[in-house]
file final-v1.cif (mmCIF, C-alpha atoms)
data_protein
loop_
_atom_site.group_PDB
_atom_site.id
_atom_site.type_symbol
_atom_site.label_atom_id
_atom_site.label_comp_id
_atom_site.auth_asym_id
_atom_site.auth_seq_id
_atom_site.Cartn_x
_atom_site.Cartn_y
_atom_site.Cartn_z
ATOM 1 C CA MET D 9 55.868 6.796 58.776
ATOM 2 C CA PHE D 10 59.167 5.993 60.421
ATOM 3 C CA ALA D 11 58.928 2.392 59.361
ATOM 4 C CA ALA D 12 58.380 3.428 55.759
ATOM 5 C CA ALA D 13 61.406 5.714 55.865
ATOM 6 C CA THR D 14 63.615 2.986 57.226
ATOM 7 C CA ALA D 15 62.360 0.594 54.576
ATOM 8 C CA ALA D 16 63.214 3.124 51.903
ATOM 9 C CA ALA D 17 66.651 3.613 53.436
ATOM 10 C CA ARG D 18 67.186 -0.114 53.497
ATOM 11 C CA GLY D 19 66.152 -0.350 49.882
ATOM 12 C CA LEU D 20 68.583 2.400 48.955
ATOM 13 C CA GLY D 21 71.325 0.699 50.914
ATOM 14 C CA SER D 22 70.794 -2.570 49.119
ATOM 15 C CA CYS D 23 70.835 -0.771 45.796
ATOM 16 C CA LEU D 24 74.133 0.920 46.686
ATOM 17 C CA ALA D 25 75.584 -2.367 47.816
ATOM 18 C CA ARG D 26 74.645 -3.946 44.504
ATOM 19 C CA SER D 27 76.274 -1.122 42.569
ATOM 20 C CA ALA D 28 79.401 -1.454 44.679
ATOM 21 C CA ALA D 29 79.513 -5.174 43.981
ATOM 22 C CA ALA D 30 79.172 -4.744 40.198
ATOM 23 C CA PRO D 31 80.316 -1.240 39.221
ATOM 24 C CA LEU D 32 80.139 -1.927 35.495
ATOM 25 C CA LEU D 33 76.352 -2.433 35.562
ATOM 26 C CA ARG D 34 74.171 0.425 34.417
ATOM 27 C CA PRO D 35 72.346 2.386 37.114
ATOM 28 C CA PRO D 36 68.626 1.464 37.351
ATOM 29 C CA LEU D 37 66.570 3.368 34.774
ATOM 30 C CA LEU D 38 64.121 5.939 36.009
ATOM 31 C CA THR D 39 61.197 4.684 33.975
ATOM 32 C CA GLN D 40 58.284 6.979 33.321
ATOM 33 C CA PRO D 41 54.850 5.853 32.220
ATOM 34 C CA ARG D 42 54.808 6.057 28.417
ATOM 35 C CA ARG D 43 52.657 8.796 26.972
ATOM 36 C CA ASP D 44 49.765 7.298 25.067
ATOM 37 C CA MET D 45 49.146 9.623 22.142
ATOM 38 C CA SER D 46 45.856 8.147 20.939
ATOM 39 C CA ILE D 47 42.534 9.907 21.401
ATOM 40 C CA HIS D 48 41.241 9.699 24.970
ATOM 41 C CA LEU D 49 38.704 11.662 26.990
ATOM 42 C CA LYS D 50 39.765 15.303 27.238
ATOM 43 C CA THR D 51 42.230 14.960 24.333
ATOM 44 C CA ARG D 52 42.422 18.160 22.338
ATOM 45 C CA LEU D 53 42.367 17.869 18.555
ATOM 46 C CA ASN D 54 42.977 20.381 15.802
ATOM 47 C CA VAL D 55 40.142 20.914 13.336
ATOM 48 C CA ILE D 56 41.211 20.863 9.692
ATOM 49 C CA ASP D 57 37.978 21.839 7.904
ATOM 50 C CA ASN D 58 36.322 25.183 7.193
ATOM 51 C CA THR D 59 33.696 25.054 9.941
ATOM 52 C CA GLY D 60 35.498 27.798 11.851
ATOM 53 C CA ALA D 61 36.389 25.641 14.839
ATOM 54 C CA LYS D 62 40.065 25.675 15.759
ATOM 55 C CA GLU D 63 40.351 23.245 18.619
ATOM 56 C CA VAL D 64 37.971 20.670 20.067
ATOM 57 C CA GLU D 65 38.039 18.345 23.041
ATOM 58 C CA CYS D 66 37.002 14.701 22.982
ATOM 59 C CA ILE D 67 34.112 13.979 25.354
ATOM 60 C CA ASP D 68 32.635 10.690 24.124
ATOM 61 C CA PHE D 69 33.270 7.743 21.816
ATOM 62 C CA TYR D 70 31.058 6.202 19.171
ATOM 63 C CA ALA D 71 33.204 3.256 18.125
ATOM 64 C CA ARG D 72 35.990 2.360 20.535
ATOM 65 C CA LYS D 73 37.911 3.784 23.404
ATOM 66 C CA PRO D 74 40.515 5.130 22.958
ATOM 67 C CA ALA D 75 39.606 6.254 19.461
ATOM 68 C CA ARG D 76 41.898 5.544 16.509
ATOM 69 C CA LEU D 77 42.237 6.796 12.962
ATOM 70 C CA GLY D 78 38.889 6.690 11.198
ATOM 71 C CA ASP D 79 36.859 6.450 14.420
ATOM 72 C CA ALA D 80 33.960 8.761 15.225
ATOM 73 C CA ILE D 81 34.013 10.702 18.487
ATOM 74 C CA ARG D 82 31.882 13.346 20.130
ATOM 75 C CA VAL D 83 33.620 16.635 20.800
ATOM 76 C CA VAL D 84 33.015 20.019 22.356
ATOM 77 C CA VAL D 85 34.306 23.086 20.542
ATOM 78 C CA LYS D 86 36.905 24.797 22.675
ATOM 79 C CA SER D 87 37.885 27.670 20.393
ATOM 80 C CA ALA D 88 36.377 28.900 17.150
ATOM 81 C CA LYS D 89 36.301 31.848 14.792
ATOM 82 C CA HIS D 90 33.374 34.150 15.531
ATOM 83 C CA ASP D 91 31.883 33.873 12.008
ATOM 84 C CA GLY D 92 32.091 30.110 11.628
ATOM 85 C CA ARG D 93 29.440 27.425 11.288
ATOM 86 C CA VAL D 94 30.023 26.265 14.853
ATOM 87 C CA SER D 95 30.693 28.303 17.969
ATOM 88 C CA LYS D 96 32.422 27.724 21.282
ATOM 89 C CA LYS D 97 30.771 25.173 23.617
ATOM 90 C CA ASP D 98 28.909 23.478 20.744
ATOM 91 C CA ILE D 99 28.782 19.689 20.991
ATOM 92 C CA VAL D 100 29.232 17.974 17.620
ATOM 93 C CA GLY D 101 30.417 14.736 16.145
ATOM 94 C CA ALA D 102 33.877 14.357 14.616
ATOM 95 C CA VAL D 103 36.062 11.809 12.894
ATOM 96 C CA VAL D 104 39.753 11.320 13.662
ATOM 97 C CA VAL D 105 41.762 11.915 10.468
ATOM 98 C CA ARG D 106 45.310 12.168 11.889
ATOM 99 C CA GLN D 107 46.791 10.845 15.067
ATOM 100 C CA LYS D 108 50.147 11.022 16.770
ATOM 101 C CA ALA D 109 49.973 7.468 17.997
ATOM 102 C CA LYS D 110 51.392 4.812 15.717
ATOM 103 C CA MET D 111 48.793 2.834 13.844
ATOM 104 C CA GLN D 112 49.513 -0.530 12.287
ATOM 105 C CA ARG D 113 47.987 -1.283 8.923
ATOM 106 C CA PRO D 114 46.826 -4.673 7.668
ATOM 107 C CA ASP D 115 49.985 -5.012 5.536
ATOM 108 C CA GLY D 116 52.195 -4.621 8.609
ATOM 109 C CA SER D 117 53.446 -1.112 7.936
ATOM 110 C CA VAL D 118 53.057 1.588 10.560
ATOM 111 C CA ILE D 119 51.899 5.178 10.145
ATOM 112 C CA PHE D 120 51.778 8.153 12.454
ATOM 113 C CA PHE D 121 51.165 11.877 12.031
ATOM 114 C CA GLN D 122 52.550 15.065 13.456
ATOM 115 C CA GLU D 123 49.325 16.055 15.208
ATOM 116 C CA ASN D 124 45.936 14.864 16.365
ATOM 117 C CA ALA D 125 43.311 16.250 14.016
ATOM 118 C CA CYS D 126 39.666 15.725 13.206
ATOM 119 C CA VAL D 127 36.909 16.804 10.842
ATOM 120 C CA LEU D 128 33.606 17.896 12.357
ATOM 121 C CA MET D 129 30.507 15.853 11.510
ATOM 122 C CA LYS D 130 26.830 16.317 12.141
ATOM 123 C CA ARG D 131 25.676 14.820 15.432
ATOM 124 C CA ASP D 132 24.114 11.786 13.751
ATOM 125 C CA LEU D 133 27.298 11.384 11.666
ATOM 126 C CA SER D 134 25.232 11.704 8.466
ATOM 127 C CA GLY D 135 27.821 13.988 6.863
ATOM 128 C CA PRO D 136 30.527 16.589 7.457
ATOM 129 C CA ILE D 137 29.608 20.111 8.598
ATOM 130 C CA GLY D 138 32.302 21.829 6.572
ATOM 131 C CA THR D 139 32.935 21.723 2.842
ATOM 132 C CA ARG D 140 36.708 21.717 2.699
ATOM 133 C CA VAL D 141 39.556 19.750 4.262
ATOM 134 C CA THR D 142 43.147 20.969 4.398
ATOM 135 C CA GLY D 143 46.140 18.671 4.336
ATOM 136 C CA PRO D 144 46.499 14.898 4.283
ATOM 137 C CA VAL D 145 44.087 12.439 5.892
ATOM 138 C CA ALA D 146 44.510 8.765 6.672
ATOM 139 C CA ARG D 147 43.384 6.012 4.331
ATOM 140 C CA GLU D 148 41.507 4.347 7.191
ATOM 141 C CA LEU D 149 38.570 6.722 6.594
ATOM 142 C CA ARG D 150 37.644 4.804 3.450
ATOM 143 C CA GLN D 151 36.545 1.757 5.375
ATOM 144 C CA GLY D 152 33.922 3.634 7.446
ATOM 145 C CA ARG D 153 31.129 5.934 6.398
ATOM 146 C CA PHE D 154 33.446 8.893 5.848
ATOM 147 C CA MET D 155 33.944 8.705 2.100
ATOM 148 C CA LYS D 156 32.824 12.327 1.777
ATOM 149 C CA VAL D 157 35.733 13.456 3.954
ATOM 150 C CA VAL D 158 38.142 11.395 1.856
ATOM 151 C CA LEU D 159 36.831 13.014 -1.314
ATOM 152 C CA MET D 160 37.292 16.500 0.118
ATOM 153 C CA ALA D 161 40.877 15.837 1.212
ATOM 154 C CA SER D 162 43.753 16.922 -1.008
ATOM 155 C CA ARG D 163 45.831 13.857 -0.173
ATOM 156 C CA VAL D 164 45.095 10.480 1.346
ATOM 157 C CA VAL D 165 48.041 8.654 2.944
ATOM 158 C CA MET F 8 58.417 -12.079 -8.877
ATOM 159 C CA VAL F 9 59.918 -8.691 -8.136
ATOM 160 C CA VAL F 10 59.271 -7.445 -4.608
ATOM 161 C CA LYS F 11 58.221 -3.826 -4.580
ATOM 162 C CA THR F 12 60.464 -1.974 -2.159
ATOM 163 C CA GLU F 13 60.675 1.585 -0.932
ATOM 164 C CA LEU F 14 63.675 3.606 0.192
ATOM 165 C CA CYS F 15 64.259 4.861 3.710
ATOM 166 C CA SER F 16 64.162 8.653 3.639
ATOM 167 C CA PHE F 17 66.955 8.880 6.221
ATOM 168 C CA SER F 18 69.368 6.059 5.530
ATOM 169 C CA GLY F 19 68.418 5.260 1.922
ATOM 170 C CA LEU F 20 68.165 1.539 2.662
ATOM 171 C CA ARG F 21 65.479 -0.649 1.114
ATOM 172 C CA ILE F 22 62.183 -1.118 2.945
ATOM 173 C CA TYR F 23 60.452 -4.392 2.184
ATOM 174 C CA PRO F 24 56.660 -4.657 2.341
ATOM 175 C CA GLY F 25 55.286 -4.944 5.848
ATOM 176 C CA HIS F 26 58.285 -3.177 7.353
ATOM 177 C CA GLY F 27 59.091 0.355 8.326
ATOM 178 C CA ILE F 28 57.340 3.344 9.845
ATOM 179 C CA MET F 29 55.750 6.196 7.902
ATOM 180 C CA TYR F 30 55.657 9.660 9.404
ATOM 181 C CA VAL F 31 53.347 12.267 7.836
ATOM 182 C CA ARG F 32 54.162 15.880 8.575
ATOM 183 C CA GLY F 33 51.634 18.691 8.611
ATOM 184 C CA ASP F 34 52.912 20.058 5.300
ATOM 185 C CA GLN F 35 51.880 16.863 3.476
ATOM 186 C CA LYS F 36 55.411 15.499 3.342
ATOM 187 C CA SER F 37 55.721 11.864 4.299
ATOM 188 C CA PHE F 38 58.890 10.100 5.445
ATOM 189 C CA LYS F 39 59.485 6.375 5.545
ATOM 190 C CA PHE F 40 61.977 4.899 7.957
ATOM 191 C CA VAL F 41 63.470 1.452 7.783
ATOM 192 C CA SER F 42 64.064 1.219 11.517
ATOM 193 C CA ARG F 43 63.535 2.905 14.847
ATOM 194 C CA LYS F 44 67.163 4.006 14.724
ATOM 195 C CA ALA F 45 66.595 5.919 11.472
ATOM 196 C CA LYS F 46 63.411 7.462 12.834
ATOM 197 C CA SER F 47 65.099 8.514 16.052
ATOM 198 C CA LEU F 48 68.029 10.119 14.251
ATOM 199 C CA PHE F 49 65.602 11.920 11.959
ATOM 200 C CA THR F 50 63.650 13.350 14.897
ATOM 201 C CA GLN F 51 66.946 14.449 16.431
ATOM 202 C CA ARG F 52 67.536 16.350 13.192
ATOM 203 C CA ILE F 53 70.881 14.671 12.604
ATOM 204 C CA ASN F 54 72.348 15.050 9.112
ATOM 205 C CA PRO F 55 72.498 11.618 7.423
ATOM 206 C CA ARG F 56 75.505 12.791 5.375
ATOM 207 C CA LYS F 57 77.566 12.770 8.562
ATOM 208 C CA LEU F 58 76.782 9.162 9.466
ATOM 209 C CA SER F 59 79.036 6.738 7.658
ATOM 210 C CA TRP F 60 76.494 3.897 7.422
ATOM 211 C CA THR F 61 73.927 5.792 5.349
ATOM 212 C CA VAL F 62 73.661 5.722 1.572
ATOM 213 C CA LEU F 63 73.738 9.522 1.468
ATOM 214 C CA TYR F 64 77.123 9.549 3.205
ATOM 215 C CA ARG F 65 78.549 6.987 0.818
ATOM 216 C CA ARG F 66 77.276 8.950 -2.130
ATOM 217 C CA ALA F 67 78.577 12.273 -0.777
ATOM 218 C CA THR F 68 82.060 10.869 -0.093
ATOM 219 C CA LYS F 69 82.090 8.760 -3.288
ATOM 220 C CA LYS F 70 82.555 5.448 -1.535
ATOM 221 C CA GLY F 71 82.208 2.312 -3.617
ATOM 222 C CA THR F 72 82.149 4.174 -6.943
ATOM 223 C CA LEU F 73 85.781 3.283 -7.845
ATOM 224 C CA GLU F 74 85.103 -0.439 -7.910
ATOM 225 C CA ASP F 75 82.185 0.065 -10.272
ATOM 226 C CA ALA F 76 84.385 2.075 -12.656
ATOM 227 C CA MET F 77 87.043 -0.693 -12.664
ATOM 228 C CA LYS F 78 84.428 -3.311 -13.464
ATOM 229 C CA LYS F 79 83.123 -1.297 -16.402
ATOM 230 C CA LYS F 80 86.626 -0.858 -17.853
ATOM 231 C CA ALA F 81 87.365 -4.569 -17.626
ATOM 232 C CA ARG F 82 84.176 -5.370 -19.494
ATOM 233 C CA LYS F 83 85.070 -2.991 -22.354
ATOM 234 C CA VAL F 84 88.489 -4.597 -22.889
ATOM 235 C CA THR F 85 87.076 -8.081 -23.452
ATOM 236 C CA LYS F 86 84.718 -6.840 -26.154
ATOM 237 C CA ALA F 87 87.337 -6.688 -29.005
ATOM 238 C CA THR F 88 86.425 -9.351 -31.631
ATOM 239 C CA VAL F 89 86.800 -9.950 -35.381
ATOM 240 C CA LYS F 90 83.666 -9.157 -37.346
ATOM 241 C CA SER F 91 82.832 -9.374 -41.026
ATOM 242 C CA VAL F 92 82.535 -5.981 -42.709
ATOM 243 C CA ALA F 93 80.639 -5.148 -45.896
ATOM 244 C CA GLY F 94 82.707 -6.360 -48.855
ATOM 245 C CA ALA F 95 85.073 -8.451 -46.720
ATOM 246 C CA SER F 96 83.680 -11.574 -45.136
ATOM 247 C CA LEU F 97 85.116 -13.190 -42.024
ATOM 248 C CA ASP F 98 87.006 -15.831 -44.034
ATOM 249 C CA ILE F 99 88.872 -13.301 -46.154
ATOM 250 C CA ILE F 100 89.872 -11.262 -43.143
ATOM 251 C CA LYS F 101 91.117 -14.343 -41.337
ATOM 252 C CA ALA F 102 93.123 -15.460 -44.331
ATOM 253 C CA LYS F 103 94.785 -12.042 -44.578
ATOM 254 C CA ARG F 104 95.557 -12.072 -40.881
ATOM 255 C CA ASN F 105 97.220 -15.446 -41.042
ATOM 256 C CA GLN F 106 99.496 -14.513 -43.987
ATOM 257 C CA LYS F 107 103.216 -14.313 -43.259
ATOM 258 C CA PRO F 108 104.893 -10.888 -43.551
ATOM 259 C CA GLU F 109 107.314 -12.146 -46.237
ATOM 260 C CA VAL F 110 104.494 -13.207 -48.511
ATOM 261 C CA ARG F 111 102.811 -9.881 -47.990
ATOM 262 C CA ALA F 112 105.986 -7.918 -48.800
ATOM 263 C CA ALA F 113 106.523 -9.959 -51.964
ATOM 264 C CA ALA F 114 102.976 -9.253 -53.076
ATOM 265 C CA ARG F 115 103.451 -5.551 -52.470
ATOM 266 C CA GLU F 116 106.678 -5.449 -54.502
ATOM 267 C CA ALA F 117 105.054 -7.258 -57.353
ATOM 268 C CA ALA F 118 102.202 -4.778 -57.357
ATOM 269 C CA LEU F 119 104.601 -1.822 -57.326
ATOM 270 C CA ARG F 120 106.613 -3.258 -60.174
ATOM 271 C CA GLU F 121 103.513 -3.713 -62.247
ATOM 272 C CA VAL F 122 102.447 -0.096 -61.668
ATOM 273 C CA LYS F 123 105.885 1.175 -62.638
ATOM 274 C CA GLU F 124 105.878 -0.810 -65.842
ATOM 275 C CA ARG F 125 102.463 0.504 -66.745
ATOM 276 C CA THR F 126 103.561 4.128 -66.257
ATOM 277 C CA LYS F 127 106.653 3.525 -68.347
ATOM 278 C CA ALA F 128 104.543 2.107 -71.151
ATOM 279 C CA LYS F 129 102.237 5.104 -71.020
ATOM 280 C CA GLN F 130 105.087 7.577 -71.181
ATOM 281 C CA ALA F 131 106.567 5.754 -74.140
ATOM 282 C CA ALA F 132 103.218 5.888 -75.920
ATOM 283 C CA LYS F 133 102.958 9.653 -75.284
ATOM 284 C CA LYS F 134 106.391 10.268 -76.708
ATOM 285 C CA ALA F 135 105.532 8.340 -79.766
ATOM 286 C CA GLU F 136 102.360 10.382 -80.242
ATOM 287 C CA ALA F 137 104.208 13.639 -79.733
ATOM 288 C CA LYS F 138 106.525 12.708 -82.581
ATOM 289 C CA LYS F 139 103.588 12.050 -84.880
ATOM 290 C CA ALA F 140 101.507 15.055 -83.692
ATOM 291 C CA PRO F 141 103.196 18.183 -85.201
ATOM 292 C CA ALA F 142 101.976 17.376 -88.693
ATOM 293 C CA ALA F 143 98.356 16.904 -87.632
ATOM 294 C CA ALA F 144 98.323 19.887 -85.164
ATOM 295 C CA LYS F 145 98.452 22.473 -87.934
ATOM 296 C CA ALA F 146 95.260 21.245 -89.563
ATOM 297 C CA ALA F 147 93.326 20.738 -86.288
ATOM 298 C CA PRO F 148 92.598 24.378 -85.124
ATOM 299 C CA ALA F 149 90.700 25.273 -88.318
ATOM 300 C CA ALA F 150 88.553 22.161 -88.072
ATOM 301 C CA LYS F 151 87.748 22.841 -84.422
ATOM 302 C CA GLN F 152 86.620 26.410 -85.133
ATOM 303 C CA SER F 153 84.215 25.364 -87.815
ATOM 304 C CA LYS F 154 82.749 22.685 -85.564
ATOM 305 C CA ALA F 155 82.179 25.186 -82.707
ATOM 306 C CA MET F 156 80.383 27.590 -85.030
ATOM 307 C CA ALA F 157 78.085 24.876 -86.247
ATOM 308 C CA LYS F 158 77.177 23.859 -82.661
ATOM 309 C CA ALA F 159 76.344 27.442 -81.581
ATOM 310 C CA GLY F 160 74.125 27.969 -84.591
ATOM 311 C CA GLY F 161 72.244 24.763 -83.995
ATOM 312 C CA LYS F 162 71.584 25.626 -80.370
ATOM 313 C CA ALA F 163 70.275 29.103 -81.156
ATOM 314 C CA GLY F 164 67.897 27.673 -83.704
ATOM 315 C CA LYS F 165 66.563 25.067 -81.335
ATOM 316 C CA ALA F 166 66.049 27.516 -78.465
ATOM 317 C CA GLY F 167 64.066 29.914 -80.619
ATOM 318 C CA PRO F 168 60.534 28.427 -80.623
ATOM 319 C CA GLY F 169 60.410 27.808 -76.920
ATOM 320 C CA GLY F 170 61.857 31.184 -75.906
ATOM 321 C CA LYS F 171 58.655 33.191 -75.481
ATOM 322 C CA ARG F 172 55.953 31.599 -73.446
#

call {"tool": "encode", "arguments": {"input": "final-v1.cif", "output": "structure tokens"}}
result
Amino acid sequence: MFAAATAAARGLGSCLARSAAAPLLRPPLLTQPRRDMSIHLKTRLNVIDNTGAKEVECIDFYARKPARLGDAIRVVVKSAKHDGRVSKKDIVGAVVVRQKAKMQRPDGSVIFFQENACVLMKRDLSGPIGTRVTGPVARELRQGRFMKVVLMASRVV
Amino acid sequence: MVVKTELCSFSGLRIYPGHGIMYVRGDQKSFKFVSRKAKSLFTQRINPRKLSWTVLYRRATKKGTLEDAMKKKARKVTKATVKSVAGASLDIIKAKRNQKPEVRAAAREAALREVKERTKAKQAAKKAEAKKAPAAAKAAPAAKQSKAMAKAGGKAGKAGPGGKR
């Protein structure tokens, strides 16, 4: 314990000495681990279809981990309207349609969204549970088996 | 080949293919940024009109518009050229241009003199007629009256058959 404290003190001392030697240098940055905004375990996503679910939590991955735009995930419904097609604690499939993390496209351009959002799918991913999608979805959905979601969306970006 | 470019929604600079970041907001609006700097300033909600390096600032403060106006004016001045007009071909116009003022003045005087002479001749002719006229004038009115009567009668007769239809 004591040894560690002295080591820390020594470290601090050396740092101070360095700053005294070169006062024009910037102070050392207090770096924080960067927040990864892609879809991990326990990530909460907004639901943008008319299934009645409001928020879901990611619990498993079908394609890759962490999930990206256009990837299928398994989710648990965390909050829902009482008269919807799904209820709280239901486990369903979902596809990521918007993500906060930046995603690079084949042409080199980069896209990112304001929120993490998904559309609920049947558990075997055979089709969407809802019948309507609000707001824009990513173009990446076209490449997978989610053409039905693309067709329901008002805008594809 | 023309490269298809887009405009940065913050700075107004050109974005070439393969560059830039697109941000899609929840209300379906999408914003394209040419650089991280533009994106950062946008997320800080800084007004691009207050930053002197943006296109919006230059447009708002009318920077660079004066030079364009000068260029346009200069171009207009150089446009003046001689063209042939209907009835006067280029050769005729050039010939008239190259005439000396003395020649032109002489021509004008000659023309004026000719006109004057013509008017004089006309007046003389009128006077001569007036001297002859009085004798004939007395006989003329009667003849005219008879002619007018004849015309009116003829017209009435002709109009008759076609009047009622």

call {"tool": "closest_residue", "arguments": {"input": "final-v1.cif", "among": "F:Arg32, F:Glu13, F:Leu20, F:Thr126", "to": "chain D", "atoms": "all atoms listed in the file"}}
result
F:Arg32

call {"tool": "residues_around", "arguments": {"input": "final-v1.cif", "residues": "Lys96 (chain D)", "least_positions_apart": "4", "cutoff": "10 Å", "atoms": "only C-alpha atoms", "output": "list in words"}}
result
Gly60, Ala61, Lys62, Glu63, Val64, Val84, Val85, Lys86, Ser87, Ala88, Lys89, His90 and Gly92 of chain D

call {"tool": "atom_distance", "arguments": {"input": "final-v1.cif", "atom1": "CA of Ile99 (chain D)", "atom2": "CA of Val127 (chain D)"}}
result
13.3 Å

call {"tool": "interface_residues", "arguments": {"input": "final-v1.cif", "of": "chain D", "to": "chain F", "cutoff": "8 Å", "atoms": "all atoms listed in the file", "output": "PyMOL selection string"}}
result
chain D and resi 115-123+143-144+163

call {"tool": "write_last_selection", "arguments": {"input": "final-v1.cif", "atoms": "C-alpha atoms", "output": "short mmCIF file (atom, residue, chain, number, x, y, z; two decimals), in the coordinates of the input"}}
result
data_model
loop_
_atom_site.label_atom_id
_atom_site.label_comp_id
_atom_site.auth_asym_id
_atom_site.auth_seq_id
_atom_site.Cartn_x
_atom_site.Cartn_y
_atom_site.Cartn_z
CA ASP D 115 49.98 -5.01 5.54
CA GLY D 116 52.20 -4.62 8.61
CA SER D 117 53.45 -1.11 7.94
CA VAL D 118 53.06 1.59 10.56
CA ILE D 119 51.90 5.18 10.14
CA PHE D 120 51.78 8.15 12.45
CA PHE D 121 51.16 11.88 12.03
CA GLN D 122 52.55 15.06 13.46
CA GLU D 123 49.32 16.06 15.21
CA GLY D 143 46.14 18.67 4.34
CA PRO D 144 46.50 14.90 4.28
CA ARG D 163 45.83 13.86 -0.17
#

call {"tool": "closest_residue", "arguments": {"input": "final-v1.cif", "among": "D:Leu133, D:Cys66, D:Met45, D:Val55", "to": "Met155 (chain D)", "atoms": "only C-alpha atoms"}}
result
D:Leu133

call {"tool": "closest_residue", "arguments": {"input": "final-v1.cif", "among": "D:Arg131, D:Val103, D:Ala125, D:Lys97", "to": "Lys156 (chain D)", "atoms": "all atoms listed in the file"}}
result
D:Val103

call {"tool": "resolve_selection", "arguments": {"input": "final-v1.cif", "expression": "the PyMOL selection byres ((chain D and resi 78) around 12)", "output": "ChimeraX atom specification"}}
result
/D:47,70-72,74-77,79-81,102-107,111,124-127,145-155,157-158

call {"tool": "atom_distance", "arguments": {"input": "final-v1.cif", "atom1": "CA of Arg93 (chain D)", "atom2": "CA of Gly138 (chain D)"}}
result
7.9 Å

call {"tool": "atom_distance", "arguments": {"input": "final-v1.cif", "atom1": "CA of Trp60 (chain F)", "atom2": "CA of Arg113 (chain D)"}}
result
29.0 Å

call {"tool": "axis_aligned_box", "arguments": {"input": "final-v1.cif", "around": "region 94-100 of chain D", "padding_each_side": "6 Å", "output": "JSON"}}
result
{"center_x": 30.6, "center_y": 23.1, "center_z": 19.2, "size_x": 15.6, "size_y": 22.3, "size_z": 20.8}

call {"tool": "closest_residue", "arguments": {"input": "final-v1.cif", "among": "F:Arg115, F:Glu136, F:Ser18, F:Ala128", "to": "Asn54 (chain F)", "atoms": "only C-alpha atoms"}}
result
F:Ser18

call {"tool": "decode", "arguments": {"input": "final-v1.cif", "residues": "region 43-54 of chain F", "atoms": "N, CA, C and O atoms", "output": "JSON list (two decimals), in the first residue's frame"}}
result
[["chain", "number", "residue", "atom", "x", "y", "z"],
["F", 43, "ARG", "N", -14.75, 16.99, -40.05],
["F", 43, "ARG", "CA", -15.08, 16.83, -38.64],
["F", 43, "ARG", "C", -15.28, 18.21, -37.99],
["F", 43, "ARG", "O", -16.10, 18.36, -37.08],
["F", 44, "LYS", "N", -14.54, 19.18, -38.49],
["F", 44, "LYS", "CA", -14.67, 20.54, -37.94],
["F", 44, "LYS", "C", -16.09, 21.06, -38.15],
["F", 44, "LYS", "O", -16.72, 21.59, -37.22],
["F", 45, "ALA", "N", -16.59, 20.88, -39.38],
["F", 45, "ALA", "CA", -17.95, 21.36, -39.69],
["F", 45, "ALA", "C", -18.98, 20.62, -38.83],
["F", 45, "ALA", "O", -19.91, 21.22, -38.30],
["F", 46, "LYS", "N", -18.78, 19.32, -38.69],
["F", 46, "LYS", "CA", -19.71, 18.51, -37.90],
["F", 46, "LYS", "C", -19.71, 18.96, -36.44],
["F", 46, "LYS", "O", -20.76, 19.13, -35.81],
["F", 47, "SER", "N", -18.52, 19.17, -35.92],
["F", 47, "SER", "CA", -18.38, 19.58, -34.53],
["F", 47, "SER", "C", -19.06, 20.92, -34.27],
["F", 47, "SER", "O", -19.82, 21.08, -33.32],
["F", 48, "LEU", "N", -18.83, 21.86, -35.18],
["F", 48, "LEU", "CA", -19.43, 23.20, -35.01],
["F", 48, "LEU", "C", -20.94, 23.11, -35.11],
["F", 48, "LEU", "O", -21.68, 23.83, -34.43],
["F", 49, "PHE", "N", -21.42, 22.21, -35.98],
["F", 49, "PHE", "CA", -22.86, 22.03, -36.12],
["F", 49, "PHE", "C", -23.46, 21.48, -34.83],
["F", 49, "PHE", "O", -24.49, 21.95, -34.35],
["F", 50, "THR", "N", -22.79, 20.49, -34.24],
["F", 50, "THR", "CA", -23.32, 19.90, -33.00],
["F", 50, "THR", "C", -23.23, 20.88, -31.84],
["F", 50, "THR", "O", -24.00, 20.79, -30.89],
["F", 51, "GLN", "N", -22.31, 21.83, -31.95],
["F", 51, "GLN", "CA", -22.23, 22.89, -30.92],
["F", 51, "GLN", "C", -23.27, 23.99, -31.17],
["F", 51, "GLN", "O", -23.31, 24.97, -30.45],
["F", 52, "ARG", "N", -24.02, 23.84, -32.22],
["F", 52, "ARG", "CA", -25.08, 24.77, -32.60],
["F", 52, "ARG", "C", -24.51, 26.19, -32.82],
["F", 52, "ARG", "O", -25.10, 27.18, -32.39],
["F", 53, "ILE", "N", -23.38, 26.24, -33.49],
["F", 53, "ILE", "CA", -22.78, 27.54, -33.79],
["F", 53, "ILE", "C", -23.31, 28.02, -35.14],
["F", 53, "ILE", "O", -23.44, 27.23, -36.09],
["F", 54, "ASN", "N", -23.62, 29.30, -35.22],
["F", 54, "ASN", "CA", -24.21, 29.87, -36.44],
["F", 54, "ASN", "C", -23.12, 30.03, -37.51],
["F", 54, "ASN", "O", -22.16, 30.77, -37.31]]
